[in-house]
file work_2.cif (mmCIF, C-alpha atoms and all ligand atoms)
data_upload
#
loop_
_atom_site.label_atom_id
_atom_site.label_comp_id
_atom_site.auth_asym_id
_atom_site.auth_seq_id
_atom_site.Cartn_x
_atom_site.Cartn_y
_atom_site.Cartn_z
CA MET A 1 8.97 29.36 -11.04
CA VAL A 2 9.57 26.32 -8.90
CA LYS A 3 11.48 24.63 -11.67
CA ASP A 4 13.86 27.59 -12.00
CA THR A 5 14.76 27.66 -8.35
CA LEU A 6 15.43 23.93 -8.30
CA SER A 7 16.82 23.41 -11.76
CA THR A 8 20.34 22.62 -10.56
CA THR A 9 19.08 19.35 -9.17
CA SER A 10 16.46 18.54 -11.76
CA ASN A 11 17.03 15.89 -14.38
CA SER A 12 16.33 18.46 -17.01
CA SER A 13 19.47 20.37 -16.02
CA ASN A 14 22.61 20.24 -18.12
CA THR A 15 24.50 18.17 -15.61
CA HIS A 16 22.17 15.18 -15.80
CA PRO A 17 20.21 15.24 -19.05
CA PHE A 18 18.04 12.31 -20.02
CA THR A 19 19.63 10.28 -22.79
CA PRO A 20 17.63 10.92 -25.94
CA VAL A 21 17.28 7.18 -26.59
CA GLU A 22 14.05 5.65 -25.23
CA LYS A 23 15.18 3.60 -22.24
CA ASP A 24 13.66 0.52 -20.68
CA THR A 25 12.29 1.92 -17.42
CA SER A 26 10.33 -1.20 -16.48
CA SER A 27 12.53 -2.06 -13.50
CA LEU A 28 12.96 1.43 -11.99
CA PHE A 29 10.59 0.56 -9.15
CA LEU A 30 12.43 -2.66 -8.26
CA GLN A 31 15.83 -0.99 -8.59
CA ALA A 32 14.83 1.82 -6.24
CA LEU A 33 13.35 -0.73 -3.85
CA LYS A 34 16.76 -2.44 -3.75
CA CYS A 35 18.35 1.00 -3.14
CA GLN A 36 20.17 0.78 -6.46
CA PRO A 37 20.89 3.97 -8.42
CA VAL A 38 18.16 4.99 -10.87
CA GLU A 39 18.00 7.59 -13.62
CA ARG A 40 14.73 8.99 -12.29
CA THR A 41 12.47 8.50 -9.29
CA PRO A 42 9.87 5.80 -9.92
CA VAL A 43 6.26 6.61 -9.07
CA TRP A 44 3.02 4.77 -8.33
CA LEU A 45 0.10 5.78 -6.11
CA MET A 46 -1.70 3.97 -3.32
CA ARG A 47 -5.28 3.26 -4.50
CA GLN A 48 -4.27 4.29 -8.00
CA ALA A 49 -7.26 2.32 -9.30
CA GLY A 50 -10.37 3.72 -7.73
CA ARG A 51 -13.32 6.07 -7.61
CA TYR A 52 -11.47 9.19 -8.78
CA MET A 53 -11.38 7.61 -12.26
CA PRO A 54 -14.54 7.95 -14.40
CA GLU A 55 -13.84 4.58 -16.05
CA TYR A 56 -13.75 2.92 -12.61
CA ARG A 57 -17.01 4.57 -11.54
CA LYS A 58 -18.64 3.41 -14.76
CA LEU A 59 -17.57 -0.22 -14.32
CA ARG A 60 -18.39 -0.09 -10.60
CA SER A 61 -21.96 1.07 -11.37
CA GLN A 62 -22.45 -2.03 -13.51
CA VAL A 63 -21.64 -4.58 -10.79
CA LYS A 64 -23.65 -5.36 -7.68
CA ASP A 65 -20.95 -4.44 -5.22
CA PHE A 66 -17.27 -3.91 -4.63
CA ILE A 67 -16.65 -7.52 -3.50
CA VAL A 68 -18.04 -8.86 -6.78
CA LEU A 69 -15.53 -6.68 -8.57
CA CYS A 70 -12.66 -8.10 -6.51
CA GLN A 71 -13.81 -11.70 -6.90
CA ASN A 72 -14.05 -11.62 -10.67
CA PRO A 73 -10.49 -12.05 -12.05
CA GLU A 74 -11.30 -10.50 -15.45
CA LEU A 75 -12.87 -7.41 -13.86
CA ALA A 76 -10.15 -7.13 -11.19
CA CYS A 77 -7.57 -7.31 -13.98
CA GLU A 78 -9.41 -4.66 -15.97
CA VAL A 79 -9.51 -2.30 -12.96
CA THR A 80 -5.84 -2.94 -12.11
CA MET A 81 -4.93 -1.89 -15.65
CA MET A 82 -7.07 1.29 -15.71
CA PRO A 83 -4.48 3.65 -14.18
CA LEU A 84 -1.70 2.04 -16.25
CA ARG A 85 -3.60 2.84 -19.44
CA ARG A 86 -4.09 6.44 -18.40
CA TYR A 87 -0.72 7.31 -16.81
CA ARG A 88 2.96 6.45 -17.09
CA LEU A 89 3.26 4.64 -13.78
CA ASP A 90 6.22 2.49 -12.72
CA ALA A 91 4.29 -0.18 -10.84
CA ALA A 92 0.82 -1.69 -10.70
CA ILE A 93 -0.95 -2.97 -7.59
CA ILE A 94 -3.41 -5.83 -7.84
CA PHE A 95 -7.00 -4.67 -7.38
CA SER A 96 -8.39 -6.30 -4.25
CA ASP A 97 -8.89 -5.39 -0.59
CA ILE A 98 -7.13 -6.16 2.69
CA LEU A 99 -10.41 -7.23 4.34
CA LEU A 100 -11.31 -10.11 2.03
CA ILE A 101 -9.13 -12.39 4.18
CA GLY A 102 -11.56 -11.95 7.09
CA GLN A 103 -14.40 -13.12 4.90
CA ALA A 104 -12.33 -16.08 3.67
CA MET A 105 -11.82 -17.05 7.32
CA GLY A 106 -15.58 -17.15 7.79
CA LEU A 107 -16.63 -13.70 9.01
CA PRO A 108 -19.29 -12.24 6.68
CA LEU A 109 -18.13 -8.97 5.05
CA SER A 110 -20.04 -6.41 3.03
CA PHE A 111 -19.24 -2.96 1.68
CA GLN A 112 -22.15 -0.62 2.09
CA GLU A 113 -22.61 2.51 0.04
CA GLY A 114 -21.43 5.50 2.03
CA GLU A 115 -20.68 3.35 5.08
CA GLY A 116 -17.54 1.47 4.10
CA PRO A 117 -16.78 -2.10 5.13
CA VAL A 118 -19.03 -3.98 7.59
CA PHE A 119 -18.24 -7.26 9.35
CA ALA A 120 -21.45 -8.69 10.82
CA PRO A 121 -21.44 -10.30 13.27
CA ARG A 122 -18.32 -8.65 14.61
CA ILE A 123 -15.80 -10.59 16.72
CA GLU A 124 -16.55 -10.30 20.43
CA SER A 125 -15.50 -13.60 21.98
CA LEU A 126 -12.79 -16.24 22.13
CA LYS A 127 -15.29 -18.81 20.86
CA GLN A 128 -15.83 -16.84 17.64
CA VAL A 129 -12.08 -16.56 17.09
CA GLU A 130 -11.66 -20.30 17.66
CA GLN A 131 -14.25 -20.95 14.97
CA LEU A 132 -12.43 -18.91 12.33
CA GLU A 133 -11.15 -21.05 9.48
CA THR A 134 -7.44 -21.18 8.66
CA ASN A 135 -6.89 -24.41 6.72
CA GLU A 136 -8.66 -23.47 3.53
CA ALA A 137 -8.99 -19.72 3.97
CA ALA A 138 -6.06 -18.77 1.72
CA ASP A 139 -7.41 -21.11 -0.99
CA LYS A 140 -10.70 -19.25 -0.90
CA LEU A 141 -8.77 -16.19 -2.09
CA SER A 142 -7.55 -17.97 -5.22
CA PHE A 143 -9.49 -15.44 -7.34
CA VAL A 144 -6.72 -12.96 -6.40
CA SER A 145 -4.06 -15.31 -7.82
CA ASP A 146 -6.17 -15.76 -10.94
CA ALA A 147 -6.41 -11.98 -11.36
CA ILE A 148 -2.64 -11.63 -10.82
CA LYS A 149 -1.95 -14.14 -13.62
CA LEU A 150 -4.15 -12.16 -16.01
CA VAL A 151 -2.57 -8.82 -15.07
CA VAL A 152 0.99 -10.12 -15.44
CA LYS A 153 0.19 -11.11 -19.03
CA GLU A 154 -1.07 -7.60 -19.81
CA LEU A 155 1.54 -5.60 -17.97
CA ASN A 156 4.52 -6.11 -20.20
CA ASN A 157 7.29 -5.99 -17.62
CA ILE A 158 5.88 -3.28 -15.35
CA PRO A 159 6.17 -4.88 -11.89
CA LEU A 160 2.96 -5.90 -10.12
CA ILE A 161 2.66 -5.44 -6.35
CA GLY A 162 0.73 -7.92 -4.21
CA PHE A 163 -0.51 -6.94 -0.76
CA CYS A 164 -2.19 -7.75 2.51
CA GLY A 165 -3.27 -5.88 5.62
CA SER A 166 -1.26 -6.31 8.78
CA PRO A 167 -3.03 -8.76 11.10
CA TRP A 168 -3.61 -5.91 13.59
CA THR A 169 -5.21 -3.62 11.00
CA VAL A 170 -7.48 -6.38 9.65
CA ALA A 171 -8.35 -7.39 13.24
CA THR A 172 -9.47 -3.83 14.02
CA TYR A 173 -12.18 -4.11 11.35
CA MET A 174 -13.18 -7.63 12.44
CA VAL A 175 -13.59 -6.59 16.08
CA GLU A 176 -14.99 -3.07 15.56
CA GLY A 177 -17.37 -4.40 12.90
CA GLY A 178 -16.17 -1.73 10.45
CA THR A 179 -14.44 1.62 10.35
CA SER A 180 -13.91 3.12 13.79
CA LYS A 181 -13.22 6.52 15.33
CA ASP A 182 -11.62 5.51 18.61
CA PHE A 183 -10.95 1.75 18.26
CA SER A 184 -12.34 1.27 21.75
CA LYS A 185 -13.80 -2.18 21.04
CA ILE A 186 -10.57 -3.82 19.92
CA LYS A 187 -8.54 -2.01 22.58
CA THR A 188 -10.96 -3.07 25.31
CA LEU A 189 -10.82 -6.66 24.07
CA ALA A 190 -7.00 -6.50 24.00
CA TRP A 191 -6.83 -5.21 27.58
CA GLN A 192 -9.50 -7.59 28.93
CA GLN A 193 -8.71 -10.74 26.94
CA PRO A 194 -5.29 -10.36 25.31
CA GLU A 195 -5.26 -14.08 24.51
CA THR A 196 -8.38 -13.67 22.36
CA VAL A 197 -6.81 -10.87 20.32
CA GLU A 198 -3.51 -12.76 20.08
CA LEU A 199 -5.26 -15.89 18.80
CA LEU A 200 -7.03 -13.77 16.20
CA LEU A 201 -3.69 -12.22 15.18
CA ASP A 202 -2.05 -15.66 14.99
CA LYS A 203 -4.81 -17.01 12.78
CA LEU A 204 -4.62 -13.95 10.53
CA SER A 205 -0.80 -14.25 10.34
CA GLU A 206 -0.96 -17.91 9.41
CA THR A 207 -3.50 -17.26 6.66
CA THR A 208 -1.67 -14.15 5.45
CA ILE A 209 1.59 -16.09 5.02
CA LYS A 210 -0.14 -18.64 2.76
CA TYR A 211 -1.99 -15.87 0.92
CA LEU A 212 1.16 -13.85 0.20
CA LYS A 213 3.04 -16.96 -0.93
CA ALA A 214 0.21 -17.67 -3.37
CA GLN A 215 0.42 -14.10 -4.72
CA VAL A 216 4.16 -14.47 -5.35
CA LYS A 217 3.59 -17.83 -7.04
CA ALA A 218 1.00 -16.19 -9.29
CA GLY A 219 3.49 -13.53 -10.39
CA VAL A 220 3.73 -10.43 -8.16
CA LYS A 221 7.23 -8.92 -8.01
CA ALA A 222 6.91 -7.14 -4.67
CA LEU A 223 4.66 -7.27 -1.62
CA MET A 224 3.21 -4.51 0.52
CA ILE A 225 1.86 -4.90 4.06
CA PHE A 226 -0.64 -2.17 5.04
CA ASP A 227 -0.68 -1.38 8.75
CA THR A 228 -3.00 1.60 8.57
CA TRP A 229 -4.04 1.41 12.23
CA GLY A 230 -0.86 0.38 14.08
CA GLY A 231 -0.31 4.06 14.88
CA ILE A 232 -3.23 4.11 17.34
CA LEU A 233 -1.23 1.93 19.76
CA SER A 234 1.42 2.91 22.28
CA ASP A 235 4.91 1.72 21.35
CA HIS A 236 4.65 -1.03 23.93
CA ALA A 237 1.26 -2.28 22.72
CA TYR A 238 2.35 -1.91 19.09
CA LYS A 239 5.24 -4.31 19.61
CA ARG A 240 2.94 -6.90 21.13
CA PHE A 241 -0.15 -6.59 18.96
CA SER A 242 1.05 -5.34 15.59
CA LEU A 243 4.78 -5.73 15.09
CA ALA A 244 5.00 -9.31 16.41
CA ALA A 245 2.54 -10.56 13.79
CA VAL A 246 4.27 -8.66 10.96
CA GLN A 247 7.59 -10.10 12.14
CA LYS A 248 6.14 -13.60 11.91
CA ILE A 249 4.94 -12.98 8.36
CA VAL A 250 8.25 -11.48 7.18
CA LYS A 251 10.25 -14.28 8.82
CA ALA A 252 8.15 -16.96 7.12
CA LEU A 253 8.46 -15.30 3.70
CA LYS A 254 12.21 -14.78 4.06
CA ALA A 255 12.67 -18.42 5.12
CA ASP A 256 11.01 -19.79 1.98
CA GLU A 257 13.11 -20.24 -1.20
CA ALA A 258 10.13 -19.23 -3.35
CA THR A 259 9.49 -15.91 -1.60
CA LYS A 260 12.75 -14.86 0.08
CA SER A 261 13.90 -12.60 -2.75
CA THR A 262 10.53 -10.86 -3.21
CA PRO A 263 10.95 -7.38 -1.71
CA ILE A 264 8.50 -6.32 0.99
CA ILE A 265 7.30 -2.77 1.69
CA PHE A 266 5.74 -2.04 5.08
CA PHE A 267 3.29 0.84 5.58
CA ALA A 268 3.38 1.49 9.33
CA LYS A 269 1.17 4.57 9.15
CA GLY A 270 1.80 7.08 11.93
CA LYS A 271 4.33 4.88 13.74
CA TYR A 272 7.55 6.83 13.64
CA THR A 273 8.91 6.21 17.11
CA LEU A 274 10.17 2.68 16.48
CA PHE A 275 12.37 3.01 13.41
CA SER A 276 15.04 0.62 14.64
CA ASP A 277 12.38 -2.08 15.13
CA LEU A 278 10.89 -1.41 11.70
CA VAL A 279 14.31 -1.62 10.02
CA ALA A 280 15.09 -4.77 12.03
CA LEU A 281 12.13 -6.52 10.36
CA GLY A 282 14.50 -7.18 7.47
CA ILE A 283 12.16 -5.72 4.87
CA GLU A 284 13.23 -3.80 1.78
CA GLY A 285 11.02 -0.71 1.99
CA LEU A 286 9.03 1.50 4.32
CA SER A 287 6.03 3.49 3.11
CA ILE A 288 5.82 6.82 4.90
CA ASP A 289 2.78 9.03 5.49
CA TRP A 290 2.92 12.81 4.97
CA THR A 291 3.32 13.85 8.61
CA VAL A 292 7.10 13.43 8.65
CA ASP A 293 9.85 14.74 6.40
CA LEU A 294 11.43 12.09 4.18
CA GLY A 295 14.89 13.58 4.76
CA TRP A 296 14.44 13.19 8.51
CA VAL A 297 13.20 9.61 8.07
CA ARG A 298 16.24 8.84 5.91
CA GLU A 299 18.48 10.02 8.74
CA GLN A 300 16.67 7.73 11.16
CA VAL A 301 16.73 4.56 9.05
CA GLY A 302 20.14 4.69 7.35
CA GLN A 303 20.88 3.95 3.69
CA LYS A 304 19.89 0.31 3.33
CA ILE A 305 16.11 0.50 3.20
CA ALA A 306 14.00 2.14 0.48
CA LEU A 307 11.49 4.85 1.39
CA GLN A 308 8.19 5.22 -0.38
CA GLY A 309 6.03 8.31 -0.15
CA ASN A 310 5.09 10.77 1.07
CA LEU A 311 2.91 13.47 -0.51
CA ASP A 312 -0.26 14.38 1.42
CA PRO A 313 -3.08 12.98 -0.80
CA THR A 314 -5.15 16.15 -0.28
CA LEU A 315 -2.44 18.09 -2.15
CA LEU A 316 -3.94 16.62 -5.32
CA MET A 317 -6.77 19.08 -4.66
CA ALA A 318 -4.32 22.02 -4.36
CA THR A 319 -3.63 24.60 -7.04
CA PRO A 320 -1.27 23.24 -9.71
CA ASP A 321 1.43 25.63 -8.44
CA MET A 322 1.16 24.35 -4.90
CA LEU A 323 1.14 20.73 -6.09
CA GLN A 324 4.23 21.35 -8.17
CA GLN A 325 6.10 22.90 -5.25
CA GLU A 326 5.17 20.07 -2.95
CA VAL A 327 6.22 17.34 -5.43
CA ALA A 328 9.58 19.10 -5.71
CA ARG A 329 9.82 19.44 -1.94
CA VAL A 330 9.22 15.72 -1.31
CA ILE A 331 11.89 14.74 -3.83
CA GLN A 332 14.36 17.30 -2.49
CA SER A 333 13.66 16.23 1.05
CA HIS A 334 14.71 12.67 0.35
CA GLY A 335 17.73 13.94 -1.54
CA LYS A 336 20.12 12.37 -3.95
CA GLN A 337 20.86 9.02 -2.35
CA PRO A 338 19.25 5.94 -3.93
CA GLY A 339 16.11 4.35 -2.53
CA HIS A 340 13.17 6.72 -3.07
CA ILE A 341 9.89 5.61 -4.66
CA PHE A 342 7.49 8.52 -5.07
CA ASN A 343 4.00 7.86 -3.73
CA LEU A 344 1.28 9.45 -1.62
CA GLY A 345 1.31 9.24 2.16
CA HIS A 346 -2.04 7.38 2.02
CA GLY A 347 -4.58 6.36 -0.60
CA ILE A 348 -5.72 8.73 -3.33
CA LEU A 349 -9.06 10.36 -2.47
CA PRO A 350 -12.22 9.85 -4.59
CA GLN A 351 -12.59 13.61 -5.24
CA THR A 352 -9.13 13.84 -6.88
CA PRO A 353 -9.24 15.39 -10.37
CA PRO A 354 -7.60 12.85 -12.76
CA GLU A 355 -5.65 15.63 -14.51
CA GLN A 356 -3.86 16.45 -11.26
CA VAL A 357 -2.49 12.89 -11.20
CA GLU A 358 -1.15 13.44 -14.68
CA ARG A 359 0.57 16.63 -13.54
CA LEU A 360 1.99 14.91 -10.48
CA ILE A 361 3.58 12.17 -12.59
CA GLU A 362 5.04 14.72 -14.99
CA TRP A 363 6.52 16.73 -12.13
CA VAL A 364 8.00 13.68 -10.43
CA GLU A 365 9.86 13.05 -13.67
CA MET A 366 10.88 16.69 -13.97
CA TYR A 367 12.27 17.03 -10.45
CA SER A 368 13.77 13.54 -10.23
CA LEU A 369 17.28 13.44 -8.89
CA ARG A 370 19.53 10.97 -10.67
CA THR A 371 20.84 8.80 -7.83
O1 LIG B 401 -4.26 0.57 -4.25
C1 LIG B 401 -4.97 -0.02 -5.09
O2 LIG B 401 -5.34 0.52 -6.18
C2 LIG B 401 -5.32 -1.46 -4.82
C3 LIG B 401 -6.56 -1.70 -4.20
C4 LIG B 401 -6.80 -1.45 -2.72
C5 LIG B 401 -8.09 -1.21 -2.22
N1 LIG B 401 -8.03 -1.20 -0.87
C6 LIG B 401 -9.28 -1.02 -3.07
C7 LIG B 401 -10.50 -0.42 -2.48
C8 LIG B 401 -5.93 -1.52 -1.61
C9 LIG B 401 -4.42 -1.70 -1.57
C10 LIG B 401 -6.73 -1.37 -0.45
C11 LIG B 401 -6.19 -1.44 0.92
C12 LIG B 401 -7.07 -1.16 2.06
N2 LIG B 401 -8.40 -1.45 2.19
C13 LIG B 401 -6.61 -0.61 3.29
C14 LIG B 401 -5.18 -0.26 3.63
C15 LIG B 401 -4.76 1.03 3.01
C16 LIG B 401 -5.56 2.21 3.47
O3 LIG B 401 -6.20 2.82 2.59
O4 LIG B 401 -5.54 2.52 4.65
C17 LIG B 401 -7.73 -0.52 4.13
C18 LIG B 401 -7.73 0.01 5.56
C19 LIG B 401 -8.85 -1.06 3.44
C20 LIG B 401 -10.22 -1.23 3.96
C21 LIG B 401 -11.22 -0.53 3.15
N3 LIG B 401 -11.58 -0.87 1.86
C22 LIG B 401 -12.03 0.57 3.55
C23 LIG B 401 -11.96 1.25 4.90
C24 LIG B 401 -12.85 0.88 2.47
C25 LIG B 401 -13.96 1.92 2.44
C26 LIG B 401 -13.42 3.28 2.39
C27 LIG B 401 -13.24 3.68 0.96
O5 LIG B 401 -12.16 4.20 0.63
O6 LIG B 401 -14.21 3.50 0.23
C28 LIG B 401 -12.53 0.01 1.40
C29 LIG B 401 -13.14 -0.01 0.07
C30 LIG B 401 -12.23 0.04 -1.13
N4 LIG B 401 -11.06 -0.66 -1.26
C31 LIG B 401 -12.46 0.76 -2.33
C32 LIG B 401 -11.39 0.49 -3.18
C33 LIG B 401 -11.20 0.98 -4.59
C34 LIG B 401 -13.69 1.61 -2.63
C35 LIG B 401 -14.83 0.68 -2.88
C36 LIG B 401 -15.81 1.18 -3.89
O7 LIG B 401 -15.53 1.20 -5.10
O8 LIG B 401 -16.94 1.52 -3.47
#

call {"tool": "encode", "arguments": {"input": "work_2.cif", "output": "structure tokens", "more": "lines below"}}
Ligand code: CP3
result
Amino acid sequence: MVKDTLSTTSNSSNTHPFTPVEKDTSSLFLQALKCQPVERTPVWLMRQAGRYMPEYRKLRSQVKDFIVLCQNPELACEVTMMPLRRYRLDAAIIFSDILLIGQAMGLPLSFQEGEGPVFAPRIESLKQVEQLETNEAADKLSFVSDAIKLVVKELNNIPLIGFCGSPWTVATYMVEGGTSKDFSKIKTLAWQQPETVELLLDKLSETTIKYLKAQVKAGVKALMIFDTWGGILSDHAYKRFSLAAVQKIVKALKADEATKSTPIIFFAKGKYTLFSDLVALGIEGLSIDWTVDLGWVREQVGQKIALQGNLDPTLLMATPDMLQQEVARVIQSHGKQPGHIFNLGHGILPQTPPEQVERLIEWVEMYSLRT
């Protein structure tokens, strides 16, 4: 049904048939990220390796905890490859977590069953921030570089994405002590002692720059910065506490010969009032959550930056018909111009049926618009 109504723009139409010859599609993701024309929309999914996969749950049940999994390069490589073995995805993302940097800087981190991440003690004072380690912190994350090297060998040309959290988003966990509903602890600290929060953000930025450089050196082809919680700030506070640190990171990476040509995608979840500032970062891509229309975002940001997204992850629990319509809608909404990477608007949920992911990937291919 959906296919019929949209077939004039689908790749399966007579105007733009796929060439029957098997093509090398390994660089579709990087081409789209550079806003170059592609023969179909590339697709990968945030948290594509995770608890929705039976093979992940099986491996996960055999190790003590999630951190052990991240710190073991062979296991992290194995998990990174799991979704690539199951689905035809156009990019891989290294299996790790944005919060490990806090632990490397000296704040004890654990992931508790059913509770999520816990930093204990949490950051409450300037003194604690002053004591955080920055000299060797990035080196303590060398297991991520080791995992990257193993994955690159296995991937066979599919690009691997490296990542970090934005300093603000990581700081929210370090100050709140874990996941938060209202973020009142970090906001109170920011209003009462802005210099404490800014020192924390500076230390995180400095460590993140070294950490991302190490990931590029180890072999990632693109970087993604996750700012999941920037959207809880007013525009004014966002510029001071989130954007400034991201700017510092991007500037440092773009000033270094070794990293300047590695494209960067920024996920500024829920922050859609400051597009000109986001574009001015000089990054290559923006990852967009599901609350805004991609076509509208495209109008706001112009043609020179790639857009990644933006299917609501809960749609993977919808009826196949509904999922199909929504995949088509997202692709149509972005339209025919180059620069769309299909993805979810946030991470895939643990209750997602794996066969729905397979359908999604098939439908992205079916509705792709040749750009
Ligand atoms: O995308 C991928 O496949 C790569 C791996 C990845 C993980 N976390 C693995 C993970 C990535 C890119 C992240 C990013 C991350 N981690 C973010 C930013 C993106 C987002 O989702 O907002 C944030 C805020 C975190 C912090 C974090 N890690 C939380 C809040 C939790 C607990 C909640 C949850 O989903 O369980 C984690 C744990 C985590 N990180 C898991 C995975 C696969 C689940 C751990 C388990 O197996 O028990």

call {"tool": "residues_near_ligand", "arguments": {"input": "work_2.cif", "ligand": "ligand LIG 401 (chain B)", "cutoff": "8 Å", "atoms": "all atoms listed in the file", "output": "number ranges by chain"}}
result
A: 45-51, 56-57, 60, 65-66, 80, 92-99, 111-117, 163-165, 169-170, 178-179, 226-229, 346-347, 349-350

call {"tool": "closest_residue", "arguments": {"input": "work_2.cif", "among": "A:Val220, A:Ser333, A:Ser261, A:Ala214", "to": "Ser142 of chain A", "atoms": "all atoms listed in the file"}}
result
A:Ala214

call {"tool": "closest_residue", "arguments": {"input": "work_2.cif", "among": "A:Ser368, A:Thr319, A:Thr314, A:Gln192", "to": "Gln351 of chain A", "atoms": "all atoms listed in the file"}}
result
A:Thr314

call {"tool": "closest_residue", "arguments": {"input": "work_2.cif", "among": "A:Lys149, A:Arg329, A:Lys127, A:Arg359", "to": "Pro73 of chain A", "atoms": "all atoms listed in the file"}}
result
A:Lys149

call {"tool": "residues_around", "arguments": {"input": "work_2.cif", "residues": "Glu358 of chain A", "least_positions_apart": "4", "cutoff": "10 Å", "atoms": "all atoms listed in the file", "output": "ChimeraX atom specification"}}
result
/A:86-89,353-354,362-363

call {"tool": "atom_distance", "arguments": {"input": "work_2.cif", "atom1": "atom CA of Pro338 of chain A", "atom2": "atom CA of Gly282 of chain A"}}
result
18.0 Å

call {"tool": "closest_residue", "arguments": {"input": "work_2.cif", "among": "A:Glu284, A:Glu326, A:Glu74, A:Glu39", "to": "Val144 of chain A", "atoms": "only C-alpha atoms"}}
result
A:Glu74

call {"tool": "residues_around", "arguments": {"input": "work_2.cif", "residues": "Ser27 of chain A", "least_positions_apart": "6", "cutoff": "9 Å", "atoms": "all atoms listed in the file", "output": "list in words"}}
result
Asp90, Ala91, Asn157, Ile158 and Pro159 of chain A

call {"tool": "closest_residue", "arguments": {"input": "work_2.cif", "among": "A:Ile288, A:Leu150, A:Val129, A:Leu274", "to": "Glu195 of chain A", "atoms": "only C-alpha atoms"}}
result
A:Val129

call {"tool": "closest_residue", "arguments": {"input": "work_2.cif", "among": "A:Ser180, A:Thr41, A:Gln337, A:Asn343", "to": "Phe29 of chain A", "atoms": "all atoms listed in the file"}}
result
A:Thr41

call {"tool": "atom_distance", "arguments": {"input": "work_2.cif", "atom1": "atom CA of Leu30 of chain A", "atom2": "atom CA of Lys271 of chain A"}}
result
24.6 Å

call {"tool": "atom_distance", "arguments": {"input": "work_2.cif", "atom1": "atom CA of Ser234 of chain A", "atom2": "atom CA of Ile264 of chain A"}}
result
24.3 Å

call {"tool": "residues_around", "arguments": {"input": "work_2.cif", "residues": "Leu204 of chain A", "least_positions_apart": "3", "cutoff": "9 Å", "atoms": "all atoms listed in the file", "output": "PyMOL selection string"}}
result
chain A and resi 101-102+105+134+166-168+170-171+199-201+207-209+245

call {"tool": "decode", "arguments": {"input": "work_2.cif", "residues": "segment 28-41 of chain A", "atoms": "N, CA and C atoms", "output": "compact mmCIF listing (two decimals), in the first residue's frame"}}
result
# COMPACT_ATOMS: atom_id res chain seq x y z
N LEU A 28 28.94 4.57 1.47
CA LEU A 28 27.69 5.35 1.41
C LEU A 28 27.54 6.29 2.61
N PHE A 29 27.84 5.76 3.78
CA PHE A 29 27.70 6.56 5.01
C PHE A 29 28.59 7.81 4.96
N LEU A 30 29.86 7.61 4.56
CA LEU A 30 30.79 8.74 4.52
C LEU A 30 30.43 9.72 3.41
N GLN A 31 29.94 9.18 2.29
CA GLN A 31 29.52 10.07 1.19
C GLN A 31 28.34 10.93 1.63
N ALA A 32 27.35 10.30 2.24
CA ALA A 32 26.19 11.08 2.69
C ALA A 32 26.61 12.10 3.75
N LEU A 33 27.54 11.72 4.59
CA LEU A 33 28.01 12.63 5.63
C LEU A 33 28.72 13.84 5.03
N LYS A 34 29.31 13.65 3.85
CA LYS A 34 29.94 14.79 3.15
C LYS A 34 28.93 15.48 2.23
N CYS A 35 27.66 15.10 2.34
CA CYS A 35 26.59 15.66 1.48
C CYS A 35 26.86 15.40 0.00
N GLN A 36 27.51 14.29 -0.30
CA GLN A 36 27.69 13.91 -1.70
C GLN A 36 26.51 13.03 -2.13
N PRO A 37 26.19 13.04 -3.43
CA PRO A 37 25.08 12.21 -3.91
C PRO A 37 25.33 10.72 -3.64
N VAL A 38 24.29 10.01 -3.30
CA VAL A 38 24.40 8.57 -3.06
C VAL A 38 23.28 7.83 -3.78
N GLU A 39 23.52 6.55 -4.07
CA GLU A 39 22.48 5.82 -4.81
C GLU A 39 21.37 5.29 -3.90
N ARG A 40 21.64 5.23 -2.61
CA ARG A 40 20.55 4.97 -1.66
C ARG A 40 20.94 5.55 -0.30
N THR A 41 19.94 5.73 0.55
CA THR A 41 20.17 6.32 1.86
C THR A 41 20.89 5.33 2.78
